[in-house]
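A.B. asks: My structure is stored as start06.cif, with mmCIF, C-alpha atoms.
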```
data_query
loop_
_atom_site.label_atom_id
_atom_site.label_comp_id
_atom_site.auth_asym_id
_atom_site.auth_seq_id
_atom_site.Cartn_x
_atom_site.Cartn_y
_atom_site.Cartn_z
CA MET Z 1 0.00 0.00 0.00
CA ASP Z 2 1.31 3.42 -0.93
CA PRO Z 3 1.40 5.69 2.17
CA ASP Z 4 0.60 8.83 0.16
CA ASN Z 5 -2.36 7.11 -1.47
CA PHE Z 6 -3.67 5.98 1.93
CA ARG Z 7 -3.17 9.41 3.46
CA HIS Z 8 -4.99 11.28 0.70
CA ARG Z 9 -7.69 8.81 -0.33
CA VAL Z 10 -8.51 7.08 2.95
CA TRP Z 11 -7.16 8.90 6.02
CA SER Z 12 -8.33 12.38 5.09
CA LYS Z 13 -11.82 11.18 4.13
CA LEU Z 14 -12.07 9.04 7.27
CA LEU Z 15 -11.32 12.00 9.53
CA THR Z 16 -13.81 14.21 7.68
CA LYS Z 17 -16.55 11.58 7.84
CA ALA Z 18 -15.91 11.03 11.58
CA GLY Z 19 -16.09 14.79 12.19
CA PHE Z 20 -12.48 15.13 13.33
CA ARG Z 21 -10.06 17.84 12.34
CA GLN Z 22 -7.27 16.88 9.98
CA ILE Z 23 -4.29 15.42 11.85
CA ARG Z 24 -1.20 13.57 10.73
CA ILE Z 25 -1.05 9.82 11.21
CA HIS Z 26 2.17 10.41 13.18
CA ASP Z 27 0.13 12.40 15.72
CA LEU Z 28 -1.54 9.12 16.74
CA ARG Z 29 1.86 7.92 17.93
CA HIS Z 30 2.10 10.83 20.37
CA THR Z 31 -1.50 10.31 21.47
CA PHE Z 32 -0.75 6.65 22.16
CA ALA Z 33 2.29 7.50 24.30
CA SER Z 34 0.42 10.27 26.13
CA LEU Z 35 -2.46 7.95 26.97
CA LEU Z 36 -0.06 5.28 28.27
CA ILE Z 37 1.56 7.83 30.60
CA GLN Z 38 -1.84 9.15 31.68
CA GLN Z 39 -2.80 5.57 32.64
CA GLY Z 40 0.28 5.38 34.85
CA GLU Z 41 2.51 3.20 32.68
CA SER Z 42 6.22 3.53 33.36
CA LEU Z 43 8.45 5.52 31.03
CA ALA Z 44 10.46 2.33 30.50
CA TYR Z 45 7.34 0.63 29.12
CA VAL Z 46 6.51 3.65 26.96
CA LYS Z 47 10.11 3.62 25.67
CA ASP Z 48 9.72 0.01 24.59
CA GLN Z 49 6.35 0.63 22.95
CA MET Z 50 7.64 3.66 21.05
CA GLY Z 51 10.82 1.89 19.99
CA HIS Z 52 13.08 4.61 21.36
CA TYR Z 53 16.77 3.75 21.50
CA SER Z 54 17.22 5.45 24.85
CA ILE Z 55 15.02 6.29 27.84
CA ARG Z 56 16.47 9.78 27.52
CA VAL Z 57 14.55 10.31 24.26
CA THR Z 58 11.33 9.22 25.95
CA VAL Z 59 11.91 11.52 28.93
CA ASP Z 60 12.80 14.47 26.70
CA VAL Z 61 9.64 14.09 24.62
CA TYR Z 62 7.10 12.86 27.19
CA GLY Z 63 8.63 13.57 30.61
CA HIS Z 64 6.46 16.64 31.16
CA LEU Z 65 3.38 14.42 31.05
CA VAL Z 66 4.40 12.22 33.99
CA PRO Z 67 2.30 13.15 37.02
CA GLY Z 68 4.70 14.18 39.76
CA GLY Z 69 7.59 13.34 37.45
CA ASN Z 70 10.80 15.23 37.73
CA LYS Z 71 12.79 15.52 34.53
CA ALA Z 72 15.52 17.26 36.52
CA ALA Z 73 16.15 13.98 38.37
CA VAL Z 74 17.02 12.28 35.07
CA ASP Z 75 19.23 15.21 34.10
CA LYS Z 76 21.13 14.72 37.37
CA LEU Z 77 22.13 11.25 36.19
CA ASP Z 78 23.95 12.80 33.26
CA ASP Z 79 25.60 15.35 35.54
CA GLN Z 80 26.79 12.61 37.90
CA ASN Z 81 28.28 10.56 35.07
CA SER Z 82 30.11 13.54 33.56
CA GLY Z 83 31.58 14.33 36.99
CA GLU Z 84 33.10 10.85 37.15
CA LEU Z 85 35.20 11.61 34.09
CA GLU Z 86 36.63 14.74 35.68
CA ASP Z 87 37.67 12.84 38.81
CA LYS Z 88 39.77 10.34 36.87
CA PRO Z 89 43.14 11.66 35.65
CA GLU Z 90 43.33 9.26 32.70
CA PHE Z 91 40.22 10.89 31.18
CA SER Z 92 39.85 14.26 29.59
CA ARG Z 93 36.40 15.90 29.51
CA ASP Z 94 36.88 16.73 25.81
CA ASP Z 95 38.17 13.29 24.91
CA PRO Z 96 36.84 10.54 27.20
CA GLN Z 97 39.06 7.87 25.64
CA PRO Z 98 41.53 6.66 28.30
CA MET Z 99 44.94 8.24 27.80
CA ARG Z 100 46.70 4.99 28.54
CA ASN Z 101 44.97 3.34 25.54
CA ARG Z 102 45.87 6.09 23.06
CA ARG Z 103 48.51 5.46 20.46
CA ARG Z 104 51.54 7.65 20.73
CA ALA Z 105 52.08 10.16 17.97
CA SER Z 106 55.38 9.63 16.18
#
```
Could you write out this structure as structure tokens?
C.D. replies:
Amino acid sequence: MDPDNFRHRVWSKLLTKAGFRQIRIHDLRHTFASLLIQQGESLAYVKDQMGHYSIRVTVDVYGHLVPGGNKAAVDKLDDQNSGELEDKPEFSRDDPQPMRNRRRAS
């Protein structure tokens, strides 16, 4: 099935007939995730359902919808991990590759 054909010949007419405003099919994806969060599903479950590579993506997009959620708490995790690099002398903040594993320039 051709997506453009479906969108123009079926989707648009379906929305009109149902009395809905025109929305993109992709908007249903966001509605699905929002409804899961509203029902109290965990962000980890939403991440899996949405197929996100990282929980960070899910939190960035949908974190504001979590009742009582605190996106700042997730941001702290990143801050804590970056601080670990600064504490270790074999790491540079700009280049986290261990210095002892670098090849020497000739």
A.B. asks: Set the distance at 12 Å and use all atoms listed in the file: which residues neighbour stretch 32-38 of chain Z once local chain neighbours fewer than 4 positions away are removed? I'd like the list as number ranges by chain.
C.D. replies: Z: 25-28, 42-52, 58-59, 61-69
A.B. asks: If I take atom CA of Z:Trp11 and atom CA of Z:Ile23, how far is one from the other in Å, to one decimal?
C.D. replies: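 Value for the atom CA of Z:Trp11-atom CA of Z:Ile23 distance: 9.2 Å.
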A.B. asks: Give me, as a PDB file with C-alpha atoms, in the frame of the given file, all polymer residues having an atom no more than 10 Å from Z:Ser12, counting only C-alpha atoms and skipping those fewer than 6 positions away in the same chain.
C.D. replies:
```pdb
ATOM      1  CA  PHE Z   6      -3.670   5.980   1.930  1.00  0.00           C
ATOM      2  CA  PHE Z  20     -12.480  15.130  13.330  1.00  0.00           C
ATOM      3  CA  ARG Z  21     -10.060  17.840  12.340  1.00  0.00           C
ATOM      4  CA  GLN Z  22      -7.270  16.880   9.980  1.00  0.00           C
ATOM      5  CA  ILE Z  23      -4.290  15.420  11.850  1.00  0.00           C
ATOM      6  CA  ARG Z  24      -1.200  13.570  10.730  1.00  0.00           C
ATOM      7  CA  ILE Z  25      -1.050   9.820  11.210  1.00  0.00           C
TER       8      ILE Z  25
END
```
A.B. asks: Between atom CA of Z:Asp60 and atom CA of Z:Gln39, measure the distance and give it in Å to one decimal.
C.D. replies: 18.9 Å
A.B. asks: To one decimal in Å, tell me the separation between atom CA of Z:Pro3 and atom CA of Z:Ser54.
C.D. replies: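 Rounded to one decimal, the two atoms are 27.7 Å apart.
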